[in-house]
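Q: Provided herewith: structure.cif, mmCIF, C-alpha atoms.
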data_protein
loop_
_atom_site.label_atom_id
_atom_site.label_comp_id
_atom_site.auth_asym_id
_atom_site.auth_seq_id
_atom_site.Cartn_x
_atom_site.Cartn_y
_atom_site.Cartn_z
CA MET R 30 -4.84 120.21 2.17
CA LEU R 31 -2.77 117.08 2.62
CA HIS R 32 -0.70 116.04 -0.40
CA ILE R 33 0.36 112.37 -0.40
CA VAL R 34 3.19 111.34 -2.73
CA ASN R 35 4.21 107.71 -3.13
CA LYS R 36 6.49 107.67 -6.20
CA SER R 37 10.27 107.93 -6.16
CA PRO R 38 11.49 111.38 -7.21
CA PHE R 39 14.11 109.59 -9.31
CA GLN R 40 11.56 107.79 -11.50
CA THR R 41 8.75 110.32 -11.94
CA SER R 42 8.16 114.06 -11.72
CA THR R 43 5.22 113.56 -9.35
CA LEU R 44 6.90 115.31 -6.41
CA GLN R 45 7.84 118.33 -8.50
CA SER R 46 4.29 118.58 -9.86
CA CYS R 47 2.93 118.40 -6.33
CA LEU R 48 5.28 121.09 -5.08
CA ARG R 49 4.22 123.44 -7.91
CA ILE R 50 0.58 123.11 -6.81
CA ALA R 51 0.99 123.00 -3.02
CA GLN R 52 0.33 126.26 -1.21
CA PRO R 53 1.78 127.61 2.02
CA GLY R 54 0.12 125.95 4.98
CA HIS R 55 -0.53 122.68 3.15
CA ALA R 56 1.05 119.44 4.31
CA LEU R 57 3.10 116.95 2.29
CA LEU R 58 3.34 113.30 3.26
CA LEU R 59 5.99 111.15 1.59
CA ILE R 60 5.19 107.42 1.60
CA GLU R 61 6.46 104.27 -0.12
CA ASP R 62 9.31 105.12 -2.56
CA ALA R 63 8.70 108.86 -2.17
CA VAL R 64 10.52 108.69 1.18
CA TYR R 65 13.75 108.71 -0.83
CA ALA R 66 13.06 112.41 -1.41
CA ALA R 67 13.37 112.98 2.35
CA THR R 68 16.93 111.66 2.48
CA ALA R 69 19.95 113.91 2.68
CA GLY R 70 22.45 113.83 -0.14
CA THR R 71 20.05 113.19 -2.99
CA GLN R 72 19.06 115.29 -6.00
CA ALA R 73 15.66 115.82 -4.40
CA GLU R 74 17.06 117.34 -1.22
CA PRO R 75 16.96 120.98 -2.40
CA TYR R 76 13.28 120.65 -3.40
CA VAL R 77 12.33 119.15 -0.07
CA ARG R 78 14.33 121.70 1.92
CA GLN R 79 12.59 124.48 0.03
CA ALA R 80 9.21 122.82 0.61
CA CYS R 81 9.89 122.74 4.36
CA ALA R 82 9.90 126.55 4.34
CA ASN R 83 6.23 126.69 3.28
CA LEU R 84 4.74 123.28 4.00
CA LYS R 85 4.64 120.81 6.83
CA VAL R 86 6.60 117.88 5.41
CA TYR R 87 6.28 114.36 6.79
CA ALA R 88 7.81 111.00 5.91
CA LEU R 89 6.32 107.65 6.87
CA GLN R 90 8.76 106.02 9.29
CA PRO R 91 7.98 102.37 8.42
CA ASP R 92 8.67 103.08 4.75
CA MET R 93 11.95 104.79 5.62
CA ASP R 94 12.92 101.82 7.81
CA ALA R 95 12.06 99.35 5.04
CA ARG R 96 14.36 101.22 2.64
CA GLY R 97 17.20 101.71 5.11
CA VAL R 98 17.20 105.51 4.94
CA THR R 99 15.89 106.43 8.38
CA ASP R 100 19.22 107.84 9.57
CA ARG R 101 19.49 110.19 6.56
CA LEU R 102 16.32 112.24 7.15
CA ILE R 103 16.51 115.85 5.99
CA GLU R 104 16.23 118.39 8.79
CA GLY R 105 12.74 119.87 8.84
CA VAL R 106 10.99 116.67 7.77
CA THR R 107 8.97 114.97 10.50
CA ARG R 108 8.82 111.20 10.81
CA ILE R 109 5.38 109.75 11.48
CA ASP R 110 4.00 106.27 12.02
CA TYR R 111 0.73 104.84 10.69
CA GLY R 112 -1.20 106.44 13.54
CA GLY R 113 0.29 109.79 12.56
CA PHE R 114 -0.79 109.15 8.97
CA VAL R 115 -4.37 108.67 10.18
CA ASP R 116 -4.12 111.82 12.31
CA LEU R 117 -3.01 113.84 9.27
CA THR R 118 -5.97 112.64 7.21
CA VAL R 119 -8.33 113.61 10.03
CA GLU R 120 -6.64 116.99 10.54
CA HIS R 121 -6.89 117.97 6.86
CA HIS R 122 -10.36 118.17 5.38
CA THR R 123 -9.08 117.37 1.90
CA SER R 124 -6.27 115.22 0.64
CA HIS R 125 -4.81 114.52 -2.77
CA SER R 126 -2.88 111.38 -3.60
CA TRP R 127 -0.33 112.03 -6.33
CA LEU R 128 -0.16 108.82 -8.33
#
As structure tokens, how would this structure be written, given the file I've shared?

A:
Amino acid sequence: MLHIVNKSPFQTSTLQSCLRIAQPGHALLLIEDAVYAATAGTQAEPYVRQACANLKVYALQPDMDARGVTDRLIEGVTRIDYGGFVDLTVEHHTSHSWL
């Protein structure tokens, strides 16, 4: 399953809810303001680092660029472009957008 989170971890608990439900082998894609969770030095960093142990974690590169956080990516998180986003949706038979 592909979990897609788009809300900032500093405004909602969406990411934490997602991580409680996600199972080993699932994938997590951070888009829009959720890419802040993939940046080092934030309160969300421990959650994302822990998620990397069980999930494949991705962050959308254009959204990171737009927010100026590209150079602060947490180790273990993979940057992807829009083509990679499409590839993830094709690779996973089901996806859940956490709104």

Q: Would you write out, as JSON, numbers by chain, every residue that the PyMOL selection byres ((chain R and resi 74-88) around 8) captures in this file?

A: {"R": [45, 48, 51, 52, 53, 54, 55, 56, 57, 58, 59, 60, 64, 66, 67, 68, 69, 70, 71, 72, 73, 89, 90, 93, 103, 104, 105, 106, 107, 108, 109]}

Q: Of the residues R:Met30, R:Arg49, R:Leu128, R:His122, which is the one nearest to Ala63 of chain R, using all atoms listed in the file?

A: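 That would be R:Leu128, the residue with the smallest distance to Ala63 of chain R.
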
Q: Please, what distance in Å, to one decimal, runs between atom CA of Asp116 of chain R and atom CA of Asp92 of chain R?

A: 17.2 Å

Q: Between R:Thr123, R:Asp94, R:Ile50, R:Asp62, which has the minimum distance to Ser37 of chain R (counting only C-alpha atoms)?

A: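 With only C-alpha atoms as the atom set, the closest residue is R:Asp62.
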
Q: Could you check which of R:Val115, R:Trp127, R:Ala95, R:Asp100 is closest to Ile33 of chain R, using only C-alpha atoms?

A: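 For Ile33 of chain R, the nearest of the candidates is R:Trp127.
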
Q: Could you check how far atom CA of Ser124 of chain R sits from atom CA of Val34 of chain R, in Å to one decimal?

A: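 Between these atoms lies a distance of 10.8 Å.
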
Q: Between atom CA of Ser126 of chain R and atom CA of Cys47 of chain R, measure the distance and give it in Å to one decimal.

A: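 Separation of atom CA of Ser126 of chain R and atom CA of Cys47 of chain R: 9.5 Å.
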